[in-house]
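J.: Here it is: the structure, laid out below.
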Amino acid sequence: MPRINSDEYDALVCLACSGRADVVFVIDASDSIRVERFPLVTELLVAVVEQMDIGPERTRVGAVKFAGNASVQFYLDTFESKHDIMVALERITFVGGRTNVSGAIWIMVCALVQRTL
C-alpha cells in the first residue's frame, strides 16, 4: 500500500477505497468536559471535517450531543456542504451535568445509523 509522507501528514493511502463514508460524531457536552474546554472539542471536529471530502456520494457527517440526555444535532443527510457542517458543529453548545454515554450511543444507532439503512 502506498504511503504519503510530508512534514505535516503521514498516512497509508488505500487506492481501492471508494471514498464513501458515514461519520457520526458523538459529542460529550457534560461536566466530564469542562465548559472552558468545550470549544476545543468543537474546534477539533471542525478541523477534522475540513480535511474530509464531503458530499452525498462521498463522506456524510452527522452529530449527536450528550450530557444527561442525548440528542441528534444533525443527521447524515442534513447537510451536503463542508461549510454547513462546520457551522453546525461550531454552534453546538455545552450542557453540563452527568455523562450518559449509553444514551448517546443508543441515539446514534437508532436515530442516525438505522435511519440510513
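To be explicit about the labels: the chains of the C-alpha cells are called A, B, and onward in the order shown, and within each one the residues are counted from 1, while ligands get numbers from 1 in the order they are shown.
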With only C-alpha atoms as the counted atoms, please give the residues lying no more than 9 Å from Val72 of chain A, apart from itself and same-chain residues fewer than 3 positions off, as a count of residues only.
T.: 11
J.: Write down as JSON, numbers by chain the residues belonging to chain A that are assigned helix (DSSP H, G or I) by DSSP computed on the backbone.
T.: {"A": [38, 39, 40, 41, 42, 43, 44, 45, 46, 47, 48, 49, 50, 82, 83, 84, 85, 86, 87, 88, 89, 90, 101, 102, 103, 104, 105, 106, 107, 108, 109, 110, 111, 112, 113, 114, 115, 116]}
J.: How far is it from atom CA of Leu45 of chain A to atom CA of His83 of chain A, in Å with one decimal?
T.: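 A separation of 12.6 Å between them.
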J.: Pick out each residue of chain A that DSSP on the backbone tags as strand (DSSP E); I need them as a PyMOL selection string.
T.: chain A and resi 3-5+10-12+21-28+59-66+70-74
J.: Emit the selected residues as a PDB file, in the first residue's frame, including N, CA and C atoms.
T.:
ATOM      1  N   ARG A   3       2.316   5.034   0.611  1.00  0.00           N
ATOM      2  CA  ARG A   3       2.373   5.868   1.809  1.00  0.00           C
ATOM      3  C   ARG A   3       2.588   7.313   1.393  1.00  0.00           C
ATOM      4  N   ILE A   4       1.852   8.212   2.041  1.00  0.00           N
ATOM      5  CA  ILE A   4       2.046   9.652   1.840  1.00  0.00           C
ATOM      6  C   ILE A   4       2.878  10.156   3.000  1.00  0.00           C
ATOM      7  N   ASN A   5       3.945  10.843   2.708  1.00  0.00           N
ATOM      8  CA  ASN A   5       4.799  11.400   3.751  1.00  0.00           C
ATOM      9  C   ASN A   5       5.029  12.881   3.482  1.00  0.00           C
ATOM     10  N   ASP A  10       1.342  11.892   7.542  1.00  0.00           N
ATOM     11  CA  ASP A  10       1.946  10.600   7.276  1.00  0.00           C
ATOM     12  C   ASP A  10       0.837   9.557   7.368  1.00  0.00           C
ATOM     13  N   ALA A  11       0.471   8.958   6.256  1.00  0.00           N
ATOM     14  CA  ALA A  11      -0.642   8.012   6.273  1.00  0.00           C
ATOM     15  C   ALA A  11      -0.515   7.018   5.133  1.00  0.00           C
ATOM     16  N   LEU A  12      -1.155   5.877   5.328  1.00  0.00           N
ATOM     17  CA  LEU A  12      -1.277   4.904   4.261  1.00  0.00           C
ATOM     18  C   LEU A  12      -2.443   5.329   3.377  1.00  0.00           C
ATOM     19  N   ALA A  21     -18.110   7.369   2.976  1.00  0.00           N
ATOM     20  CA  ALA A  21     -18.112   7.067   4.403  1.00  0.00           C
ATOM     21  C   ALA A  21     -19.231   7.841   5.083  1.00  0.00           C
ATOM     22  N   ASP A  22     -19.783   7.241   6.109  1.00  0.00           N
ATOM     23  CA  ASP A  22     -20.715   7.920   7.004  1.00  0.00           C
ATOM     24  C   ASP A  22     -20.008   8.077   8.338  1.00  0.00           C
ATOM     25  N   VAL A  23     -19.880   9.311   8.802  1.00  0.00           N
ATOM     26  CA  VAL A  23     -19.174   9.615  10.044  1.00  0.00           C
ATOM     27  C   VAL A  23     -20.162  10.284  10.993  1.00  0.00           C
ATOM     28  N   VAL A  24     -20.285   9.725  12.200  1.00  0.00           N
ATOM     29  CA  VAL A  24     -21.149  10.328  13.211  1.00  0.00           C
ATOM     30  C   VAL A  24     -20.277  10.719  14.398  1.00  0.00           C
ATOM     31  N   PHE A  25     -20.284  11.996  14.730  1.00  0.00           N
ATOM     32  CA  PHE A  25     -19.586  12.479  15.910  1.00  0.00           C
ATOM     33  C   PHE A  25     -20.523  12.371  17.102  1.00  0.00           C
ATOM     34  N   VAL A  26     -20.066  11.715  18.151  1.00  0.00           N
ATOM     35  CA  VAL A  26     -20.809  11.621  19.409  1.00  0.00           C
ATOM     36  C   VAL A  26     -20.077  12.536  20.379  1.00  0.00           C
ATOM     37  N   ILE A  27     -20.705  13.667  20.679  1.00  0.00           N
ATOM     38  CA  ILE A  27     -20.021  14.784  21.334  1.00  0.00           C
ATOM     39  C   ILE A  27     -20.420  14.884  22.802  1.00  0.00           C
ATOM     40  N   ASP A  28     -19.443  14.755  23.669  1.00  0.00           N
ATOM     41  CA  ASP A  28     -19.660  14.864  25.113  1.00  0.00           C
ATOM     42  C   ASP A  28     -19.760  16.340  25.492  1.00  0.00           C
ATOM     43  N   THR A  59     -18.349  11.622   1.663  1.00  0.00           N
ATOM     44  CA  THR A  59     -18.447  11.499   3.122  1.00  0.00           C
ATOM     45  C   THR A  59     -19.634  12.302   3.611  1.00  0.00           C
ATOM     46  N   ARG A  60     -20.477  11.653   4.412  1.00  0.00           N
ATOM     47  CA  ARG A  60     -21.605  12.322   5.057  1.00  0.00           C
ATOM     48  C   ARG A  60     -21.319  12.363   6.553  1.00  0.00           C
ATOM     49  N   VAL A  61     -21.752  13.443   7.204  1.00  0.00           N
ATOM     50  CA  VAL A  61     -21.457  13.630   8.625  1.00  0.00           C
ATOM     51  C   VAL A  61     -22.754  13.894   9.384  1.00  0.00           C
ATOM     52  N   GLY A  62     -22.862  13.256  10.550  1.00  0.00           N
ATOM     53  CA  GLY A  62     -23.955  13.504  11.471  1.00  0.00           C
ATOM     54  C   GLY A  62     -23.369  13.768  12.846  1.00  0.00           C
ATOM     55  N   ALA A  63     -24.197  14.264  13.768  1.00  0.00           N
ATOM     56  CA  ALA A  63     -23.693  14.564  15.113  1.00  0.00           C
ATOM     57  C   ALA A  63     -24.764  14.314  16.166  1.00  0.00           C
ATOM     58  N   VAL A  64     -24.331  13.734  17.269  1.00  0.00           N
ATOM     59  CA  VAL A  64     -25.148  13.532  18.465  1.00  0.00           C
ATOM     60  C   VAL A  64     -24.427  14.223  19.605  1.00  0.00           C
ATOM     61  N   LYS A  65     -25.174  14.981  20.410  1.00  0.00           N
ATOM     62  CA  LYS A  65     -24.609  15.633  21.592  1.00  0.00           C
ATOM     63  C   LYS A  65     -25.218  14.975  22.824  1.00  0.00           C
ATOM     64  N   PHE A  66     -24.388  14.783  23.857  1.00  0.00           N
ATOM     65  CA  PHE A  66     -24.930  14.182  25.069  1.00  0.00           C
ATOM     66  C   PHE A  66     -24.358  14.801  26.326  1.00  0.00           C
ATOM     67  N   ALA A  70     -29.311  12.643  25.502  1.00  0.00           N
ATOM     68  CA  ALA A  70     -28.644  12.727  24.201  1.00  0.00           C
ATOM     69  C   ALA A  70     -29.633  13.220  23.164  1.00  0.00           C
ATOM     70  N   SER A  71     -29.133  13.960  22.179  1.00  0.00           N
ATOM     71  CA  SER A  71     -30.000  14.443  21.111  1.00  0.00           C
ATOM     72  C   SER A  71     -29.219  14.539  19.809  1.00  0.00           C
ATOM     73  N   VAL A  72     -29.930  14.307  18.719  1.00  0.00           N
ATOM     74  CA  VAL A  72     -29.335  14.453  17.395  1.00  0.00           C
ATOM     75  C   VAL A  72     -29.170  15.937  17.121  1.00  0.00           C
ATOM     76  N   GLN A  73     -27.976  16.344  16.745  1.00  0.00           N
ATOM     77  CA  GLN A  73     -27.722  17.728  16.353  1.00  0.00           C
ATOM     78  C   GLN A  73     -27.974  17.913  14.870  1.00  0.00           C
ATOM     79  N   PHE A  74     -27.568  16.922  14.084  1.00  0.00           N
ATOM     80  CA  PHE A  74     -27.922  16.879  12.671  1.00  0.00           C
ATOM     81  C   PHE A  74     -27.683  15.466  12.152  1.00  0.00           C
TER      82      PHE A  74
END
J.: For a test of reading the model, state the distance in Å between atom CA of Arg98 of chain A and atom CA of Cys110 of chain A, rounded to one decimal.
T.: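 If I compute the distance from atom CA of Arg98 of chain A to atom CA of Cys110 of chain A, I get 21.4 Å.
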J.: I need the residue nearest Thr78 of chain A from this list: A:Pro56, A:Val49, A:Val101, A:Pro39. Use only C-alpha atoms for the distance.
T.: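 So, comparing all the options, the nearest one is A:Pro56.
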J.: Could you state the separation of atom CA of Phe79 of chain A and atom CA of Ala29 of chain A in Å, given to one decimal place?
T.: 21.8 Å
J.: Can you list, as a list of chain:residue names, every protein, DNA or RNA residue that comes within 8 Å of Leu89 of chain A when you count only C-alpha atoms, leaving out same-chain residues fewer than 2 positions away?
T.: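 The contact residues come out as A:Thr42, A:Leu45, A:Val46, A:Ile85, A:Met86, A:Val87, A:Arg91, A:Ile92.
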J.: Could you save the residues just selected, with C-alpha atoms, as a JSON list (two decimals), in the first residue's frame?
T.:
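Wrote it out as result.json, contents follow:
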[["chain", "number", "residue", "atom", "x", "y", "z"],
["A", 42, "THR", "CA", -15.78, 21.73, 18.52],
["A", 45, "LEU", "CA", -14.28, 18.43, 14.99],
["A", 46, "VAL", "CA", -14.29, 21.38, 12.58],
["A", 85, "ILE", "CA", -21.37, 21.05, 8.64],
["A", 86, "MET", "CA", -18.58, 23.17, 10.09],
["A", 87, "VAL", "CA", -21.00, 25.97, 11.00],
["A", 91, "ARG", "CA", -23.00, 26.14, 17.06],
["A", 92, "ILE", "CA", -23.15, 23.11, 19.34]]
J.: Which is closest to Val35 of chain A among A:Val48, A:Val113, A:Ile105, A:Val95, if we use only C-alpha atoms?
T.: A:Val95
